[in-house]
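Remarks on the structure that follows.
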Protein chains: 2
Amino acid sequence: MRFCPKCGHQVTMEIPSGDNRERAVCHNCDFIDYDNPRLITGTLPIYDGKILLCKRNIEPRLGYWTLPAGFMENGETTAEGALRETLEETGATAVTTAPYCLISIPRINQVHLFYLASLPQPNFHATEESSEVALFELKDIPWDEIAFSSVAKALAYYVEDSKTGHFPFHEDLITFNSVGK
Amino acid sequence: MRFCPKCGHQVTMEIPSGDNRERAVCHNCDFIDYDNPRLITGTLPIYDGKILLCKRNIEPRLGYWTLPAGFMENGETTAEGALRETLEETGATAVTTAPYCLISIPRINQVHLFYLASLPQPNFHATEESSEVALFELKDIPWDEIAFSSVAKALAYYVEDSKTGHFPFHEDLITFNSVGK
């Protein structure tokens with residue numbers, strides 16, 4: 001941020017009084033910019049023991065497989081965001097069953113939240129964001145072509161938990177150094 | 001937002017191509033502002049069966065009791081944010097044990113995440129943000145003086161779960177209409 005979004009004046013980076021972090025501060029209108037982590041919400045959509053994945057039709061990671069997920073929007077709950085993204089990316093109307101994985105990625109200021117979800121019907125299709133959408137048996141998950149580390153983690157938890165049939169809530173973090181993966 | 005934070009030109013509210021929501025868009029430098037919900041992280045700090053609450057020394061809800069919590073910052077995990085807020089508001093060095101409550105508040109574009117935490121030592125004190133910090137027996141929780149609905153919900157889950165000694169992860173939402181409570 002170089003200019004104040006409220007008044008248009010140039011901002012300076014400094015630690016505001018009473019704070020302990022550098023923020024963009026406007027000395028014309030006293031605006032302070034608090035830049036906070038973003039929440040990505042998505043689902044692990046299950047139908048008949050198989051998991052719904054989508055092949056990314058957009059960058060980053062175009063051509064790789066992922067779970068339906070995206071930035072949570074204002075005015076919605078985490079579950080609503082997860083289901084909206086599922087519909088947008090796969091055409092499927094899923095039903096959330098429980099929050100499943102919460103994964104912090106401090107390097108890119110993101111928190112990823114995946115819900116377990118069921119598909120009442122196997123209705124889905126390619127979309128603007130997904131060139132292919134398909135159900136995978138757990139043994140056929142394309143591990144070498146998964147788009148994001150958080151998705152690989154959520155899928156790995158699911159495969160592991162499937163052995164016992166018990167799906168507790170998982171918390172995790174990713175500390176890799178490359179951005180965007 | 002009235003001015004572009006990147007180039008200082010006036011922005012317009014419109015739905016960008018390929019999107020389905022109004023955003024602030026800059027036609028000078030093509031900046032698009034994505035305003036997303038913020039994550040508040042905090043703890044339910046427990047010592048010897050009692051719960052640590054702090055009396056707010058700042059607005060909003062000055063003088064009301066709350067759990068230590070605040071906006072998650074860039075570069076930290078949700079658990080790190082929760083423990084940082086606990087230290088800042090109560091002087092206590094807590095240890096998180098598990099994520100406990102995830103509460104969406106779509107009306108104010110926030111998601112509140114509370115961790116169960118333990119206090120290895122009963123060391124805490126008033127701080128700039130808290131005029132008092134004290135341990136409460138569950139039967140003595142000041143229900144009429146709790147600062148925020150999300151805090152009341154988290155405390156109510158804890159009291160209920162204490163009856164069984166089983167503390168599962170809870171998901172909830174708040175749909176009240178008044179801002180700031």
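Please note that chains go A, B, ... in the order of the structure tokens, that every chain numbers its residues from 1, and that ligands are numbered from 1 in the order shown.
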Counting only C-alpha atoms, which residues from chain B have an atom at most 9 Å from any atom of chain A, and could you show them as a short mmCIF file (atom, residue, chain, number, x, y, z; two decimals) with all heavy atoms, in the first residue's frame?
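Written output follows (part-v5.cif):
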```cif
data_model
loop_
_atom_site.label_atom_id
_atom_site.label_comp_id
_atom_site.auth_asym_id
_atom_site.auth_seq_id
_atom_site.Cartn_x
_atom_site.Cartn_y
_atom_site.Cartn_z
N MET B 1 -13.45 2.00 0.57
CA MET B 1 -12.28 2.40 -0.22
C MET B 1 -12.69 3.37 -1.33
O MET B 1 -13.55 3.04 -2.14
CB MET B 1 -11.63 1.15 -0.83
CG MET B 1 -10.50 1.48 -1.79
SD MET B 1 -9.56 0.04 -2.33
CE MET B 1 -8.84 -0.52 -0.82
N ARG B 2 -12.03 4.55 -1.35
CA ARG B 2 -12.34 5.53 -2.40
C ARG B 2 -11.18 5.71 -3.37
O ARG B 2 -11.36 6.11 -4.52
CB ARG B 2 -12.69 6.88 -1.77
CG ARG B 2 -14.02 6.85 -0.99
CD ARG B 2 -14.33 8.22 -0.41
NE ARG B 2 -14.31 9.23 -1.43
CZ ARG B 2 -13.91 10.51 -1.24
NH1 ARG B 2 -13.51 10.89 -0.04
NH2 ARG B 2 -13.92 11.39 -2.23
N PHE B 3 -9.94 5.44 -2.86
CA PHE B 3 -8.76 5.65 -3.69
C PHE B 3 -7.92 4.37 -3.77
O PHE B 3 -7.89 3.59 -2.82
CB PHE B 3 -7.91 6.79 -3.12
CG PHE B 3 -8.64 8.11 -3.11
CD1 PHE B 3 -9.38 8.50 -2.00
CD2 PHE B 3 -8.61 8.93 -4.24
CE1 PHE B 3 -10.08 9.70 -2.00
CE2 PHE B 3 -9.30 10.13 -4.24
CZ PHE B 3 -10.04 10.52 -3.12
N CYS B 4 -7.27 4.18 -4.90
CA CYS B 4 -6.45 2.99 -5.10
C CYS B 4 -5.22 3.03 -4.18
O CYS B 4 -4.45 3.99 -4.25
CB CYS B 4 -6.01 2.92 -6.56
SG CYS B 4 -4.88 1.54 -6.87
N PRO B 5 -5.04 1.99 -3.36
CA PRO B 5 -3.88 1.98 -2.46
C PRO B 5 -2.54 1.81 -3.20
O PRO B 5 -1.50 2.10 -2.64
CB PRO B 5 -4.15 0.79 -1.54
CG PRO B 5 -5.13 -0.06 -2.26
CD PRO B 5 -5.90 0.83 -3.18
N LYS B 6 -2.61 1.38 -4.46
CA LYS B 6 -1.36 1.20 -5.22
C LYS B 6 -0.94 2.46 -5.97
O LYS B 6 0.24 2.83 -5.97
CB LYS B 6 -1.52 0.06 -6.25
CG LYS B 6 -1.15 -1.31 -5.69
CD LYS B 6 -1.28 -2.40 -6.72
CE LYS B 6 -0.17 -2.37 -7.76
NZ LYS B 6 -0.37 -3.44 -8.78
N CYS B 7 -1.93 3.16 -6.61
CA CYS B 7 -1.53 4.30 -7.45
C CYS B 7 -2.20 5.62 -7.04
O CYS B 7 -1.84 6.68 -7.57
CB CYS B 7 -1.82 4.01 -8.93
SG CYS B 7 -3.57 4.14 -9.37
N GLY B 8 -3.17 5.56 -6.12
CA GLY B 8 -3.78 6.80 -5.62
C GLY B 8 -4.94 7.34 -6.43
O GLY B 8 -5.57 8.32 -6.03
N HIS B 9 -5.25 6.70 -7.58
CA HIS B 9 -6.39 7.17 -8.38
C HIS B 9 -7.71 6.76 -7.74
O HIS B 9 -7.76 5.82 -6.95
CB HIS B 9 -6.31 6.59 -9.80
CG HIS B 9 -5.45 7.41 -10.70
ND1 HIS B 9 -5.92 8.08 -11.80
CD2 HIS B 9 -4.12 7.68 -10.63
CE1 HIS B 9 -4.92 8.72 -12.38
NE2 HIS B 9 -3.81 8.49 -11.69
N GLN B 10 -8.79 7.43 -8.12
CA GLN B 10 -10.09 7.07 -7.59
C GLN B 10 -10.52 5.69 -8.10
O GLN B 10 -10.26 5.35 -9.25
CB GLN B 10 -11.13 8.12 -8.00
CG GLN B 10 -11.81 8.71 -6.76
CD GLN B 10 -12.71 9.86 -7.10
OE1 GLN B 10 -12.30 10.79 -7.79
NE2 GLN B 10 -13.93 9.83 -6.60
N VAL B 11 -11.14 4.91 -7.22
CA VAL B 11 -11.63 3.59 -7.64
C VAL B 11 -13.13 3.66 -7.89
O VAL B 11 -13.80 4.60 -7.45
CB VAL B 11 -11.35 2.50 -6.56
CG1 VAL B 11 -9.85 2.29 -6.39
CG2 VAL B 11 -12.00 2.86 -5.24
N GLY B 18 -15.30 -11.91 -14.95
CA GLY B 18 -15.03 -13.25 -14.41
C GLY B 18 -15.36 -13.39 -12.94
O GLY B 18 -15.17 -14.45 -12.36
N TYR B 34 -9.85 -6.97 -2.89
CA TYR B 34 -10.63 -8.08 -2.35
C TYR B 34 -10.68 -7.92 -0.84
O TYR B 34 -9.66 -8.08 -0.16
CB TYR B 34 -10.01 -9.43 -2.73
CG TYR B 34 -10.07 -9.68 -4.21
CD1 TYR B 34 -8.98 -9.37 -5.02
CD2 TYR B 34 -11.21 -10.20 -4.80
CE1 TYR B 34 -9.04 -9.58 -6.40
CE2 TYR B 34 -11.28 -10.41 -6.17
CZ TYR B 34 -10.20 -10.10 -6.96
OH TYR B 34 -10.27 -10.30 -8.32
N ASP B 35 -11.83 -7.59 -0.34
CA ASP B 35 -11.99 -7.38 1.10
C ASP B 35 -12.60 -8.66 1.66
O ASP B 35 -13.71 -9.05 1.29
CB ASP B 35 -12.92 -6.19 1.33
CG ASP B 35 -13.03 -5.82 2.79
OD1 ASP B 35 -12.07 -6.11 3.55
OD2 ASP B 35 -14.07 -5.26 3.19
N ASN B 36 -11.87 -9.34 2.53
CA ASN B 36 -12.31 -10.65 3.04
C ASN B 36 -12.51 -10.62 4.54
O ASN B 36 -12.02 -9.73 5.22
CB ASN B 36 -11.25 -11.71 2.68
CG ASN B 36 -11.00 -11.81 1.19
OD1 ASN B 36 -10.06 -11.23 0.67
ND2 ASN B 36 -11.86 -12.53 0.50
N PRO B 37 -13.23 -11.63 5.06
CA PRO B 37 -13.47 -11.69 6.51
C PRO B 37 -12.15 -11.80 7.28
O PRO B 37 -11.15 -12.28 6.76
CB PRO B 37 -14.28 -12.99 6.67
CG PRO B 37 -14.92 -13.21 5.36
CD PRO B 37 -13.92 -12.71 4.35
N ARG B 38 -12.20 -11.33 8.52
CA ARG B 38 -11.01 -11.41 9.37
C ARG B 38 -11.19 -12.48 10.43
O ARG B 38 -12.30 -12.76 10.88
CB ARG B 38 -10.75 -10.05 10.01
CG ARG B 38 -10.27 -9.09 8.94
CD ARG B 38 -9.86 -7.75 9.48
NE ARG B 38 -9.26 -6.99 8.38
CZ ARG B 38 -8.84 -5.75 8.46
NH1 ARG B 38 -8.91 -5.11 9.61
NH2 ARG B 38 -8.30 -5.14 7.42
N LEU B 39 -10.06 -13.03 10.83
CA LEU B 39 -10.04 -14.12 11.79
C LEU B 39 -9.58 -13.57 13.13
O LEU B 39 -8.54 -12.93 13.22
CB LEU B 39 -9.06 -15.18 11.27
CG LEU B 39 -9.05 -16.58 11.79
CD1 LEU B 39 -10.45 -17.17 11.90
CD2 LEU B 39 -8.23 -17.44 10.84
N PHE B 71 -7.35 -9.89 16.65
CA PHE B 71 -7.12 -10.15 15.23
C PHE B 71 -5.83 -10.93 15.01
O PHE B 71 -4.78 -10.54 15.50
CB PHE B 71 -7.06 -8.83 14.45
CG PHE B 71 -8.39 -8.16 14.32
CD1 PHE B 71 -8.72 -7.08 15.12
CD2 PHE B 71 -9.33 -8.63 13.42
CE1 PHE B 71 -9.97 -6.46 15.01
CE2 PHE B 71 -10.57 -8.03 13.31
CZ PHE B 71 -10.89 -6.95 14.10
N MET B 72 -5.94 -12.01 14.26
CA MET B 72 -4.77 -12.76 13.84
C MET B 72 -3.91 -11.85 12.96
O MET B 72 -4.44 -11.07 12.16
CB MET B 72 -5.23 -13.99 13.04
CG MET B 72 -4.10 -14.91 12.64
SD MET B 72 -4.75 -16.31 11.66
CE MET B 72 -3.19 -17.04 11.17
N GLU B 73 -2.59 -11.94 13.13
CA GLU B 73 -1.68 -11.09 12.36
C GLU B 73 -1.00 -11.90 11.25
O GLU B 73 -0.87 -13.13 11.35
CB GLU B 73 -0.60 -10.50 13.28
CG GLU B 73 -1.13 -9.56 14.35
CD GLU B 73 -1.39 -8.14 13.84
OE1 GLU B 73 -1.26 -7.90 12.62
OE2 GLU B 73 -1.72 -7.29 14.68
N ASN B 74 -0.54 -11.19 10.23
CA ASN B 74 0.24 -11.86 9.18
C ASN B 74 1.48 -12.53 9.78
O ASN B 74 2.04 -12.04 10.75
CB ASN B 74 0.68 -10.83 8.13
CG ASN B 74 -0.47 -10.40 7.24
OD1 ASN B 74 -1.51 -11.06 7.20
ND2 ASN B 74 -0.28 -9.31 6.53
N GLY B 75 1.87 -13.66 9.20
CA GLY B 75 3.11 -14.31 9.59
C GLY B 75 3.00 -15.23 10.79
O GLY B 75 4.01 -15.76 11.25
N GLU B 76 1.80 -15.42 11.30
CA GLU B 76 1.65 -16.34 12.44
C GLU B 76 0.61 -17.41 12.12
O GLU B 76 -0.19 -17.26 11.20
CB GLU B 76 1.28 -15.57 13.72
CG GLU B 76 -0.06 -14.87 13.70
CD GLU B 76 -0.29 -13.97 14.92
OE1 GLU B 76 0.64 -13.76 15.73
OE2 GLU B 76 -1.42 -13.46 15.06
N THR B 77 0.64 -18.50 12.91
CA THR B 77 -0.40 -19.53 12.79
C THR B 77 -1.57 -19.12 13.69
O THR B 77 -1.44 -18.22 14.54
CB THR B 77 0.12 -20.90 13.25
OG1 THR B 77 0.40 -20.83 14.66
CG2 THR B 77 1.39 -21.29 12.51
N THR B 78 -2.70 -19.80 13.52
CA THR B 78 -3.85 -19.48 14.38
C THR B 78 -3.50 -19.70 15.85
O THR B 78 -3.87 -18.89 16.70
CB THR B 78 -5.07 -20.34 13.99
OG1 THR B 78 -4.69 -21.71 13.89
CG2 THR B 78 -5.66 -19.89 12.66
N ALA B 79 -2.76 -20.76 16.15
CA ALA B 79 -2.40 -21.04 17.55
C ALA B 79 -1.44 -19.97 18.09
O ALA B 79 -1.56 -19.51 19.23
CB ALA B 79 -1.78 -22.43 17.67
N ALA B 98 -6.01 -27.61 22.22
CA ALA B 98 -6.75 -28.01 21.02
C ALA B 98 -7.64 -26.86 20.54
O ALA B 98 -8.11 -26.06 21.35
CB ALA B 98 -7.63 -29.22 21.33
N PRO B 99 -7.86 -26.79 19.22
CA PRO B 99 -8.88 -25.86 18.72
C PRO B 99 -10.22 -26.28 19.32
O PRO B 99 -10.48 -27.49 19.43
CB PRO B 99 -8.88 -26.07 17.21
CG PRO B 99 -7.64 -26.86 16.89
CD PRO B 99 -7.30 -27.61 18.14
N LEU B 102 -15.22 -22.66 16.62
CA LEU B 102 -15.09 -21.86 15.40
C LEU B 102 -16.45 -21.20 15.17
O LEU B 102 -17.44 -21.91 14.91
CB LEU B 102 -14.73 -22.75 14.22
CG LEU B 102 -14.56 -22.06 12.88
CD1 LEU B 102 -13.22 -21.32 12.82
CD2 LEU B 102 -14.64 -23.06 11.74
N ILE B 103 -16.50 -19.88 15.27
CA ILE B 103 -17.79 -19.18 15.23
C ILE B 103 -17.78 -18.13 14.12
O ILE B 103 -17.00 -17.18 14.18
CB ILE B 103 -18.08 -18.53 16.60
CG1 ILE B 103 -18.03 -19.60 17.70
CG2 ILE B 103 -19.43 -17.81 16.57
CD1 ILE B 103 -18.11 -19.04 19.12
N SER B 104 -18.63 -18.31 13.13
CA SER B 104 -18.75 -17.33 12.06
C SER B 104 -19.72 -16.23 12.47
O SER B 104 -20.78 -16.51 13.04
CB SER B 104 -19.28 -17.99 10.78
OG SER B 104 -18.33 -18.86 10.20
N ILE B 105 -19.36 -15.00 12.15
CA ILE B 105 -20.26 -13.86 12.41
C ILE B 105 -20.35 -13.07 11.11
O ILE B 105 -19.68 -12.05 10.93
CB ILE B 105 -19.74 -12.97 13.56
CG1 ILE B 105 -19.27 -13.86 14.75
CG2 ILE B 105 -20.84 -12.01 14.04
CD1 ILE B 105 -18.75 -13.07 15.93
N PRO B 106 -21.18 -13.57 10.16
CA PRO B 106 -21.19 -12.98 8.82
C PRO B 106 -21.60 -11.51 8.80
O PRO B 106 -21.14 -10.75 7.95
CB PRO B 106 -22.19 -13.85 8.05
CG PRO B 106 -22.91 -14.67 9.06
CD PRO B 106 -22.03 -14.77 10.26
N ARG B 107 -22.41 -11.09 9.77
CA ARG B 107 -22.87 -9.70 9.80
C ARG B 107 -21.71 -8.71 9.92
O ARG B 107 -21.81 -7.58 9.42
CB ARG B 107 -23.83 -9.55 11.00
CG ARG B 107 -24.31 -8.16 11.30
CD ARG B 107 -25.26 -7.62 10.24
NE ARG B 107 -25.73 -6.29 10.56
CZ ARG B 107 -24.96 -5.20 10.47
NH1 ARG B 107 -23.72 -5.29 10.07
NH2 ARG B 107 -25.47 -4.03 10.78
N ILE B 108 -20.63 -9.12 10.56
CA ILE B 108 -19.49 -8.22 10.71
C ILE B 108 -18.23 -8.77 10.05
O ILE B 108 -17.12 -8.31 10.32
CB ILE B 108 -19.22 -7.88 12.21
CG1 ILE B 108 -19.05 -9.17 13.03
CG2 ILE B 108 -20.33 -7.03 12.78
CD1 ILE B 108 -18.58 -8.92 14.48
N ASN B 109 -18.42 -9.78 9.17
CA ASN B 109 -17.31 -10.32 8.39
C ASN B 109 -16.16 -10.79 9.28
O ASN B 109 -14.99 -10.47 9.05
CB ASN B 109 -16.80 -9.28 7.39
CG ASN B 109 -17.90 -8.75 6.51
OD1 ASN B 109 -18.78 -9.51 6.09
ND2 ASN B 109 -17.90 -7.47 6.25
N GLN B 110 -16.52 -11.56 10.30
CA GLN B 110 -15.49 -12.10 11.20
C GLN B 110 -15.71 -13.60 11.44
O GLN B 110 -16.83 -14.10 11.38
CB GLN B 110 -15.53 -11.38 12.57
CG GLN B 110 -15.08 -9.93 12.49
CD GLN B 110 -15.00 -9.26 13.86
OE1 GLN B 110 -15.29 -9.89 14.89
NE2 GLN B 110 -14.58 -8.01 13.87
N VAL B 111 -14.60 -14.26 11.73
CA VAL B 111 -14.62 -15.65 12.18
C VAL B 111 -13.81 -15.69 13.47
O VAL B 111 -12.67 -15.20 13.50
CB VAL B 111 -14.00 -16.60 11.13
CG1 VAL B 111 -13.94 -18.02 11.68
CG2 VAL B 111 -14.81 -16.56 9.83
N GLU B 128 -2.38 -3.23 29.53
CA GLU B 128 -2.92 -2.04 28.90
C GLU B 128 -4.35 -2.27 28.40
O GLU B 128 -5.20 -1.40 28.45
CB GLU B 128 -2.02 -1.64 27.73
CG GLU B 128 -2.11 -0.19 27.33
CD GLU B 128 -1.01 0.17 26.33
OE1 GLU B 128 0.11 -0.38 26.44
OE2 GLU B 128 -1.31 0.98 25.43
N PRO B 168 -15.23 -31.75 22.60
CA PRO B 168 -15.09 -31.85 21.14
C PRO B 168 -15.01 -30.47 20.50
O PRO B 168 -15.31 -29.46 21.13
CB PRO B 168 -16.37 -32.56 20.72
CG PRO B 168 -17.37 -32.15 21.74
CD PRO B 168 -16.60 -32.03 23.04
N PHE B 169 -14.60 -30.43 19.25
CA PHE B 169 -14.56 -29.18 18.48
C PHE B 169 -16.00 -28.75 18.16
O PHE B 169 -16.81 -29.57 17.74
CB PHE B 169 -13.78 -29.42 17.19
CG PHE B 169 -13.57 -28.18 16.38
CD1 PHE B 169 -12.67 -27.20 16.79
CD2 PHE B 169 -14.27 -27.98 15.21
CE1 PHE B 169 -12.46 -26.06 16.04
CE2 PHE B 169 -14.08 -26.83 14.46
CZ PHE B 169 -13.17 -25.87 14.87
N HIS B 170 -16.29 -27.46 18.37
CA HIS B 170 -17.64 -26.95 18.09
C HIS B 170 -17.60 -25.93 16.96
O HIS B 170 -16.71 -25.08 16.91
CB HIS B 170 -18.20 -26.24 19.33
CG HIS B 170 -18.39 -27.15 20.50
ND1 HIS B 170 -19.48 -27.98 20.63
CD2 HIS B 170 -17.62 -27.36 21.60
CE1 HIS B 170 -19.38 -28.66 21.77
NE2 HIS B 170 -18.27 -28.30 22.38
N GLU B 171 -18.60 -26.01 16.09
CA GLU B 171 -18.76 -24.98 15.06
C GLU B 171 -20.10 -24.29 15.31
O GLU B 171 -21.09 -24.95 15.66
CB GLU B 171 -18.79 -25.64 13.69
CG GLU B 171 -18.87 -24.63 12.57
CD GLU B 171 -19.20 -25.26 11.24
OE1 GLU B 171 -19.74 -26.39 11.22
OE2 GLU B 171 -18.92 -24.64 10.22
N LEU B 173 -22.49 -20.28 14.64
CA LEU B 173 -22.55 -18.96 13.98
C LEU B 173 -23.42 -18.03 14.80
O LEU B 173 -24.23 -18.48 15.61
CB LEU B 173 -23.07 -19.07 12.55
CG LEU B 173 -24.57 -19.19 12.33
CD1 LEU B 173 -24.92 -18.83 10.90
CD2 LEU B 173 -25.01 -20.62 12.63
#
```
Spatial neighbours of Gly42 of chain A, max dist 10 Å, only C-alpha atoms, sep filter under 6 positions, as a PyMOL selection string | chain A and resi 67-72+78-86+96+99+101+112-117+151
For Thr97 of chain A, which residue among A:Phe176, A:Phe31, A:Phe167, A:Trp143 is the nearest when counting only C-alpha atoms?
-> A:Phe167
Write out as a PyMOL selection string the residues lying within 7 Å of segment 47-57 of chain A, counting only C-alpha atoms and excluding same-chain residues fewer than 3 positions away.
-> chain A and resi 44+61-68+90+118-119+122+128-138
Hey, can you check how far atom CA of Ser17 of chain A sits from atom CA of Glu88 of chain B?
->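 Interatomic distance, atom CA of Ser17 of chain A to atom CA of Glu88 of chain B: 15.4 Å.
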Could you give me, as a ChimeraX atom specification, the residues within 12 Å of Ile15 of chain A, counting only C-alpha atoms and dropping anything in the same chain fewer than 3 positions from it?
-> /A:12,18-26,32-34
Identify all residues of chain B in helix (DSSP H, G or I) (DSSP on the backbone) and supply them as a VMD selection string.
-> chain B and resid 78 to 90 106 to 108 138 to 140 143 to 145 149 to 162
List every residue of segment 77-180 of chain A that DSSP, applied to the backbone of this structure, assigns to strand (DSSP E or B), and report them as a ChimeraX atom specification.
-> /A:95-105,110-118,130-136,146,170-173
What is the atom CA of Asp144 of chain A to atom CA of Val95 of chain A distance in Å?
->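 Between atom CA of Asp144 of chain A and atom CA of Val95 of chain A the gap is 28.2 Å.
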Between B:Asn123, B:Ala156, B:Thr93, B:Gly165, which is the closest to Pro142 of chain B once you count only C-alpha atoms?
->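 Among the listed residues, B:Ala156 lies closest to Pro142 of chain B.
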